[in-house]
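Coordinates from final-v4.pdb are shown below (PDB, C-alpha atoms).
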```pdb
ATOM      1  CA  MET V 225      -0.841 279.312 138.905
ATOM      2  CA  GLY V 226      -0.684 276.399 136.487
ATOM      3  CA  ASP V 227      -3.288 273.991 135.214
ATOM      4  CA  PRO V 228      -4.998 272.248 138.181
ATOM      5  CA  GLU V 229      -5.609 269.237 135.951
ATOM      6  CA  LEU V 230      -1.849 268.775 135.511
ATOM      7  CA  ALA V 231      -1.302 269.022 139.272
ATOM      8  CA  ARG V 232      -3.950 266.398 140.082
ATOM      9  CA  PHE V 233      -2.584 263.188 141.525
ATOM     10  CA  GLU V 234      -3.577 260.300 139.265
ATOM     11  CA  ARG V 235      -4.062 257.833 142.104
ATOM     12  CA  THR V 236      -5.805 255.177 140.002
ATOM     13  CA  HIS V 237      -2.962 255.124 137.485
ATOM     14  CA  HIS V 238      -0.345 254.860 140.225
ATOM     15  CA  VAL V 239      -2.195 251.980 141.853
ATOM     16  CA  ALA V 240      -2.485 250.164 138.519
ATOM     17  CA  PHE V 241       1.241 250.652 137.862
ATOM     18  CA  PHE V 242       2.359 249.331 141.267
ATOM     19  CA  ASP V 243      -0.143 246.478 141.047
ATOM     20  CA  ALA V 244       1.304 245.442 137.695
ATOM     21  CA  MET V 245       4.880 245.773 138.976
ATOM     22  CA  ALA V 246       4.073 243.498 141.920
ATOM     23  CA  ALA V 247       2.808 240.804 139.556
ATOM     24  CA  GLU V 248       5.190 240.925 136.600
ATOM     25  CA  LEU V 249       8.030 243.213 135.528
ATOM     26  CA  PRO V 250       7.190 245.434 132.531
ATOM     27  CA  GLU V 251       9.421 244.969 129.498
ATOM     28  CA  ASP V 252      11.420 248.130 130.236
ATOM     29  CA  TYR V 253      12.430 246.733 133.644
ATOM     30  CA  ALA V 254      13.132 243.155 132.552
ATOM     31  CA  SER V 255      16.853 243.858 132.238
ATOM     32  CA  GLN V 256      16.905 244.742 135.950
ATOM     33  CA  GLU V 257      16.397 241.108 136.921
ATOM     34  CA  VAL V 258      19.273 241.264 139.428
ATOM     35  CA  ASN V 259      17.308 243.913 141.331
ATOM     36  CA  HIS V 260      14.061 241.976 141.721
ATOM     37  CA  LEU V 261      13.858 242.516 145.478
ATOM     38  CA  THR V 262      14.500 246.248 145.166
ATOM     39  CA  LEU V 263      11.873 246.629 142.442
ATOM     40  CA  ALA V 264       9.438 244.584 144.532
ATOM     41  CA  TYR V 265      10.103 246.881 147.491
ATOM     42  CA  PHE V 266       9.070 249.938 145.461
ATOM     43  CA  ALA V 267       5.959 248.177 144.164
ATOM     44  CA  VAL V 268       4.812 246.814 147.524
ATOM     45  CA  GLY V 269       5.812 249.998 149.330
ATOM     46  CA  GLY V 270       3.892 252.080 146.794
ATOM     47  CA  LEU V 271       0.737 250.026 147.251
ATOM     48  CA  SER V 272       1.119 250.327 151.013
ATOM     49  CA  LEU V 273       1.432 254.132 150.846
ATOM     50  CA  LEU V 274      -1.690 254.243 148.686
ATOM     51  CA  ARG V 275      -3.565 251.986 151.140
ATOM     52  CA  GLU V 276      -3.999 249.316 148.450
ATOM     53  CA  LEU V 277      -1.980 246.483 149.956
ATOM     54  CA  GLU V 278      -4.993 244.172 149.918
ATOM     55  CA  ARG V 279      -4.411 243.815 146.181
ATOM     56  CA  VAL V 280      -1.498 241.453 146.820
ATOM     57  CA  ASN V 281      -1.176 238.133 148.639
ATOM     58  CA  LYS V 282       0.969 239.171 151.613
ATOM     59  CA  ASP V 283       1.713 235.610 152.718
ATOM     60  CA  GLU V 284       2.898 234.643 149.246
ATOM     61  CA  ILE V 285       5.074 237.739 149.052
ATOM     62  CA  ALA V 286       6.683 236.954 152.414
ATOM     63  CA  LYS V 287       7.345 233.369 151.296
ATOM     64  CA  TRP V 288       8.858 234.620 148.023
ATOM     65  CA  VAL V 289      11.106 237.130 149.792
ATOM     66  CA  LEU V 290      12.355 234.570 152.323
ATOM     67  CA  SER V 291      13.353 232.259 149.479
ATOM     68  CA  PHE V 292      16.178 234.676 148.608
ATOM     69  CA  GLN V 293      17.856 234.430 152.013
ATOM     70  CA  VAL V 294      21.278 232.792 152.098
ATOM     71  CA  HIS V 295      21.833 230.453 155.048
ATOM     72  CA  PRO V 296      25.184 229.116 156.281
ATOM     73  CA  GLU V 297      25.567 225.422 155.544
ATOM     74  CA  ALA V 298      27.236 224.866 158.915
ATOM     75  CA  ASN V 299      27.725 226.849 162.102
ATOM     76  CA  ASP V 300      31.411 227.313 161.302
ATOM     77  CA  ASP V 301      30.496 229.081 158.043
ATOM     78  CA  VAL V 302      29.285 232.161 159.926
ATOM     79  CA  GLY V 303      32.866 233.169 160.650
ATOM     80  CA  ASN V 304      34.314 232.533 157.176
ATOM     81  CA  GLY V 305      33.853 236.096 155.916
ATOM     82  CA  GLN V 306      30.688 235.578 153.878
ATOM     83  CA  PHE V 307      27.626 237.793 154.240
ATOM     84  CA  PHE V 308      24.472 235.798 154.952
ATOM     85  CA  GLY V 309      21.808 238.213 153.780
ATOM     86  CA  PHE V 310      19.461 238.160 150.782
ATOM     87  CA  CYS V 311      20.246 237.783 147.096
ATOM     88  CA  GLY V 312      18.662 240.309 144.750
ATOM     89  CA  SER V 313      17.137 237.770 142.377
ATOM     90  CA  ARG V 314      17.138 234.155 141.264
ATOM     91  CA  SER V 315      20.112 234.664 138.946
ATOM     92  CA  THR V 316      22.268 236.012 141.787
ATOM     93  CA  GLN V 317      21.665 232.842 143.773
ATOM     94  CA  PHE V 318      23.881 230.845 141.435
ATOM     95  CA  PRO V 319      27.619 231.080 140.641
ATOM     96  CA  LEU V 320      28.884 233.111 137.715
ATOM     97  CA  ASP V 321      31.884 232.092 135.588
ATOM     98  CA  ASN V 322      33.610 235.450 136.129
ATOM     99  CA  VAL V 323      33.311 235.388 139.933
ATOM    100  CA  LYS V 324      36.247 233.573 141.514
ATOM    101  CA  ASP V 325      34.595 232.695 144.808
ATOM    102  CA  PRO V 326      34.675 229.016 145.848
ATOM    103  CA  CYS V 327      31.916 229.695 148.408
ATOM    104  CA  PHE V 328      29.621 231.564 146.041
ATOM    105  CA  ASN V 329      27.205 233.764 147.891
ATOM    106  CA  GLY V 330      25.571 236.684 146.089
ATOM    107  CA  SER V 331      23.748 238.210 149.033
ATOM    108  CA  HIS V 332      23.826 242.000 148.950
ATOM    109  CA  LEU V 333      23.321 244.691 151.586
ATOM    110  CA  ALA V 334      20.816 246.696 149.500
ATOM    111  CA  SER V 335      18.846 243.567 148.616
ATOM    112  CA  THR V 336      18.784 242.603 152.292
ATOM    113  CA  TYR V 337      17.430 246.026 153.218
ATOM    114  CA  SER V 338      14.725 245.703 150.538
ATOM    115  CA  ALA V 339      13.838 242.178 151.677
ATOM    116  CA  LEU V 340      13.370 243.123 155.323
ATOM    117  CA  ALA V 341      11.458 246.275 154.392
ATOM    118  CA  ILE V 342       9.041 244.209 152.274
ATOM    119  CA  LEU V 343       8.576 241.688 155.083
ATOM    120  CA  LYS V 344       7.830 244.491 157.501
ATOM    121  CA  ILE V 345       5.349 246.128 155.121
ATOM    122  CA  VAL V 346       3.371 242.908 154.568
ATOM    123  CA  GLY V 347       3.170 242.277 158.314
ATOM    124  CA  TYR V 348       5.684 239.458 158.681
ATOM    125  CA  ASP V 349       6.807 239.111 162.307
ATOM    126  CA  LEU V 350      10.499 239.961 162.176
ATOM    127  CA  ALA V 351      10.803 238.869 165.809
ATOM    128  CA  SER V 352      10.491 235.283 164.502
ATOM    129  CA  PHE V 353      13.113 235.879 161.817
ATOM    130  CA  ASP V 354      16.410 234.018 162.343
ATOM    131  CA  SER V 355      18.783 236.972 162.190
ATOM    132  CA  LYS V 356      21.810 235.592 164.063
ATOM    133  CA  ALA V 357      23.903 234.707 160.992
ATOM    134  CA  LEU V 358      22.790 237.849 159.159
ATOM    135  CA  LEU V 359      23.784 240.229 161.969
ATOM    136  CA  SER V 360      27.076 238.557 162.805
ATOM    137  CA  SER V 361      28.112 238.517 159.139
ATOM    138  CA  ILE V 362      26.912 242.033 158.300
ATOM    139  CA  ARG V 363      29.356 243.393 160.833
ATOM    140  CA  LYS V 364      32.185 241.854 158.793
ATOM    141  CA  LEU V 365      31.199 244.114 155.894
ATOM    142  CA  GLN V 366      32.034 247.185 157.950
ATOM    143  CA  GLN V 367      35.399 248.711 157.098
ATOM    144  CA  PRO V 368      37.971 250.245 159.499
ATOM    145  CA  ASP V 369      36.751 253.749 158.547
ATOM    146  CA  GLY V 370      33.169 252.840 159.514
ATOM    147  CA  SER V 371      31.797 252.449 155.984
ATOM    148  CA  PHE V 372      30.239 249.249 154.617
ATOM    149  CA  MET V 373      30.874 247.091 151.576
ATOM    150  CA  PRO V 374      27.607 245.854 150.046
ATOM    151  CA  ILE V 375      28.869 242.313 149.401
ATOM    152  CA  HIS V 376      31.602 240.193 150.948
ATOM    153  CA  ILE V 377      33.660 239.781 147.764
ATOM    154  CA  GLY V 378      34.295 243.542 147.735
ATOM    155  CA  ALA V 379      32.783 246.621 146.087
ATOM    156  CA  GLU V 380      32.469 250.365 146.527
ATOM    157  CA  THR V 381      31.790 251.800 149.974
ATOM    158  CA  ASP V 382      29.665 254.891 150.585
ATOM    159  CA  LEU V 383      26.811 256.317 152.670
ATOM    160  CA  ARG V 384      24.178 254.264 150.839
ATOM    161  CA  PHE V 385      25.398 251.087 152.450
ATOM    162  CA  VAL V 386      25.859 252.663 155.871
ATOM    163  CA  TYR V 387      22.161 253.557 155.632
ATOM    164  CA  CYS V 388      21.236 250.019 154.548
ATOM    165  CA  ALA V 389      23.180 248.498 157.456
ATOM    166  CA  ALA V 390      21.628 250.909 159.970
ATOM    167  CA  ALA V 391      18.118 250.323 158.593
ATOM    168  CA  ILE V 392      18.601 246.543 158.803
ATOM    169  CA  CYS V 393      19.731 246.752 162.431
ATOM    170  CA  SER V 394      16.833 249.073 163.227
ATOM    171  CA  MET V 395      14.209 246.813 161.612
ATOM    172  CA  LEU V 396      15.608 243.805 163.472
ATOM    173  CA  ASP V 397      15.887 245.864 166.674
ATOM    174  CA  ASP V 398      19.430 244.592 167.153
ATOM    175  CA  TRP V 399      22.489 246.820 166.678
ATOM    176  CA  THR V 400      25.093 244.096 167.088
ATOM    177  CA  GLY V 401      25.411 244.137 163.294
ATOM    178  CA  MET V 402      27.490 247.296 163.255
ATOM    179  CA  ASP V 403      29.929 249.410 165.232
ATOM    180  CA  LYS V 404      27.755 252.496 165.672
ATOM    181  CA  LEU V 405      30.594 254.769 166.773
ATOM    182  CA  LYS V 406      32.647 253.964 163.674
ATOM    183  CA  ALA V 407      29.572 254.470 161.484
ATOM    184  CA  GLN V 408      28.904 257.844 163.107
ATOM    185  CA  GLU V 409      32.508 258.873 162.497
ATOM    186  CA  TYR V 410      32.266 257.918 158.829
ATOM    187  CA  ILE V 411      29.020 259.884 158.435
ATOM    188  CA  ARG V 412      30.610 262.962 160.014
ATOM    189  CA  ASN V 413      33.599 262.604 157.688
ATOM    190  CA  CYS V 414      31.209 262.709 154.723
ATOM    191  CA  GLN V 415      29.948 266.147 155.757
ATOM    192  CA  SER V 416      31.118 268.888 153.408
ATOM    193  CA  TYR V 417      31.985 272.556 154.000
ATOM    194  CA  ASP V 418      28.409 273.618 153.192
ATOM    195  CA  GLY V 419      26.897 271.410 155.884
ATOM    196  CA  GLY V 420      25.585 268.803 153.468
ATOM    197  CA  PHE V 421      26.781 265.225 153.090
ATOM    198  CA  GLY V 422      28.557 263.611 150.173
ATOM    199  CA  MET V 423      28.511 259.926 149.271
ATOM    200  CA  VAL V 424      32.105 259.536 150.491
ATOM    201  CA  PRO V 425      34.462 261.803 152.453
ATOM    202  CA  GLY V 426      35.598 264.761 150.344
ATOM    203  CA  SER V 427      32.833 264.508 147.740
ATOM    204  CA  GLU V 428      30.218 267.148 146.939
ATOM    205  CA  SER V 429      27.187 267.241 149.203
ATOM    206  CA  HIS V 430      23.814 265.993 147.977
ATOM    207  CA  VAL V 431      21.584 266.904 150.905
ATOM    208  CA  ILE V 432      21.849 270.028 153.065
ATOM    209  CA  HIS V 433      22.072 269.360 156.791
ATOM    210  CA  HIS V 434      19.841 271.534 159.016
TER     211      HIS V 434
END
```

Exercise: express the given structure as structure tokens:
Amino acid sequence: MGDPELARFERTHHVAFFDAMAAELPEDYASQEVNHLTLAYFAVGGLSLLRELERVNKDEIAKWVLSFQVHPEANDDVGNGQFFGFCGSRSTQFPLDNVKDPCFNGSHLASTYSALAILKIVGYDLASFDSKALLSSIRKLQQPDGSFMPIHIGAETDLRFVYCAAAICSMLDDWTGMDKLKAQEYIRNCQSYDGGFGMVPGSESHVIHH
């Protein structure tokens, strides 16, 4: 039957780990600086699941998360092809020498999902969130086959980013950010012969569909 001591959930240790992660990245995670928002999502989400969210300053977290949002400099910028979401960290808010983009904007679909999820967890009123530029620009990331690029300068497309886009629209309660029919078609095309879904059409399935 196994050792019951090994099966015991070490709640105190988990709380201490997430609490530390929410305050400062451990050395082993320091190299993941570009994923600060994603790491923060796991830390804050973990504390929330363990009913220990009072350990963090929710207002300060919301303020910190909002500081990563990219805003258009002018109304005309919304239609210039950029994605006005959230950057993953401080370093991705500034231009890189190897990125040939005159309108540098490092906002990323996964980081935007993490940002909105954190805001929702800490009780920030997303109804007061200015989502117009975000939703109108996220739709430009959707490809003709229904998939999504994670960033406007181009990258891989797969089901991860379709999920991020759908979750963002759901959290904001506004589905103008995506063509749902095209997204549904892409998801169906990712279904394999065994009923599961691969990351892209034609790839092996990872989760069995029931």

Could you expand the PyMOL selection byres ((chain V and resi 246) around 12) into the explicit residues it covers here, written as a CSV table (one decimal) with C-alpha atoms, in the coordinates of the input?
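What follows is the written file selection.csv:
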```
chain,number,residue,atom,x,y,z
V,239,VAL,CA,-2.2,252.0,141.9
V,240,ALA,CA,-2.5,250.2,138.5
V,241,PHE,CA,1.2,250.7,137.9
V,242,PHE,CA,2.4,249.3,141.3
V,243,ASP,CA,-0.1,246.5,141.0
V,244,ALA,CA,1.3,245.4,137.7
V,245,MET,CA,4.9,245.8,139.0
V,247,ALA,CA,2.8,240.8,139.6
V,248,GLU,CA,5.2,240.9,136.6
V,249,LEU,CA,8.0,243.2,135.5
V,250,PRO,CA,7.2,245.4,132.5
V,260,HIS,CA,14.1,242.0,141.7
V,261,LEU,CA,13.9,242.5,145.5
V,262,THR,CA,14.5,246.2,145.2
V,263,LEU,CA,11.9,246.6,142.4
V,264,ALA,CA,9.4,244.6,144.5
V,265,TYR,CA,10.1,246.9,147.5
V,266,PHE,CA,9.1,249.9,145.5
V,267,ALA,CA,6.0,248.2,144.2
V,268,VAL,CA,4.8,246.8,147.5
V,269,GLY,CA,5.8,250.0,149.3
V,270,GLY,CA,3.9,252.1,146.8
V,271,LEU,CA,0.7,250.0,147.3
V,272,SER,CA,1.1,250.3,151.0
V,276,GLU,CA,-4.0,249.3,148.4
V,277,LEU,CA,-2.0,246.5,150.0
V,279,ARG,CA,-4.4,243.8,146.2
V,280,VAL,CA,-1.5,241.5,146.8
V,281,ASN,CA,-1.2,238.1,148.6
V,282,LYS,CA,1.0,239.2,151.6
V,284,GLU,CA,2.9,234.6,149.2
V,285,ILE,CA,5.1,237.7,149.1
V,288,TRP,CA,8.9,234.6,148.0
V,342,ILE,CA,9.0,244.2,152.3
```

| Residues matched by the PyMOL selection byres ((chain V and resi 368) around 12), written as a VMD selection string | chain V and resid 363 to 367 369 to 373 381 402 to 403 405 to 407 409 to 410

| said: Evaluate the PyMOL selection byres ((chain V and resi 399) around 12) against this structure - the residues, as a list in words, please. | reply: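 Going through the file, the PyMOL selection byres ((chain V and resi 399) around 12) ends up selecting Ser355, Lys356, Leu358, Leu359, Ser360, Ile362, Arg363, Ala389, Ala390, Ala391, Ile392, Cys393, Ser394, Met395, Leu396, Asp397, Asp398, Thr400, Gly401, Met402, Asp403, Lys404, Leu405 and Ala407 of chain V.
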
| Can you tell me how far CA of Lys344 (chain V) sits from CA of Val424 (chain V), in Å to one decimal? |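 Pair CA of Lys344 (chain V) / CA of Val424 (chain V) returns 29.4 Å.
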
Set up a box along x, y and z of the file covering all listed atoms of region 340-353 of chain V, add 5 Å on every one of the six sides, and write the centre and edge lengths in Å to one decimal, as lines of an AutoDock Vina configuration file.
```
center_x = 8.3
center_y = 240.8
center_z = 159.0
size_x = 20.2
size_y = 21.0
size_z = 23.5
```

| Two-atom distance - CA of Cys414 (chain V), CA of Ile377 (chain V) (Å) | 24.1 Å

| message | Report, in Å with one decimal, the straight-line distance from CA of Phe307 (chain V) to CA of Thr336 (chain V). | response |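 Calculated distance between CA of Phe307 (chain V) and CA of Thr336 (chain V) is 10.3 Å.
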
| Distance query 8 Å from (25.6, 241.2, 149.6) using only C-alpha atoms, result as an MDAnalysis selection string | chainID V and resid 307:311 329:336 374:376

Take the residues from that selection and write them out as a PDB file, keeping the file's coordinate frame, keeping C-alpha atoms.
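Dumped to selection37.pdb:
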```pdb
ATOM      1  CA  PHE V 307      27.626 237.793 154.240  1.00  0.00           C
ATOM      2  CA  PHE V 308      24.472 235.798 154.952  1.00  0.00           C
ATOM      3  CA  GLY V 309      21.808 238.213 153.780  1.00  0.00           C
ATOM      4  CA  PHE V 310      19.461 238.160 150.782  1.00  0.00           C
ATOM      5  CA  CYS V 311      20.246 237.783 147.096  1.00  0.00           C
ATOM      6  CA  ASN V 329      27.205 233.764 147.891  1.00  0.00           C
ATOM      7  CA  GLY V 330      25.571 236.684 146.089  1.00  0.00           C
ATOM      8  CA  SER V 331      23.748 238.210 149.033  1.00  0.00           C
ATOM      9  CA  HIS V 332      23.826 242.000 148.950  1.00  0.00           C
ATOM     10  CA  LEU V 333      23.321 244.691 151.586  1.00  0.00           C
ATOM     11  CA  ALA V 334      20.816 246.696 149.500  1.00  0.00           C
ATOM     12  CA  SER V 335      18.846 243.567 148.616  1.00  0.00           C
ATOM     13  CA  THR V 336      18.784 242.603 152.292  1.00  0.00           C
ATOM     14  CA  PRO V 374      27.607 245.854 150.046  1.00  0.00           C
ATOM     15  CA  ILE V 375      28.869 242.313 149.401  1.00  0.00           C
ATOM     16  CA  HIS V 376      31.602 240.193 150.948  1.00  0.00           C
TER      17      HIS V 376
END
```

| message | Within 10 Å of (9.0, 235.4, 155.2) in the file's own coordinates, which protein, DNA or RNA residues have an atom, counting all atoms listed in the file? List them as number ranges by chain. | response | V: 282-293, 339-340, 342-344, 346-350, 352-353
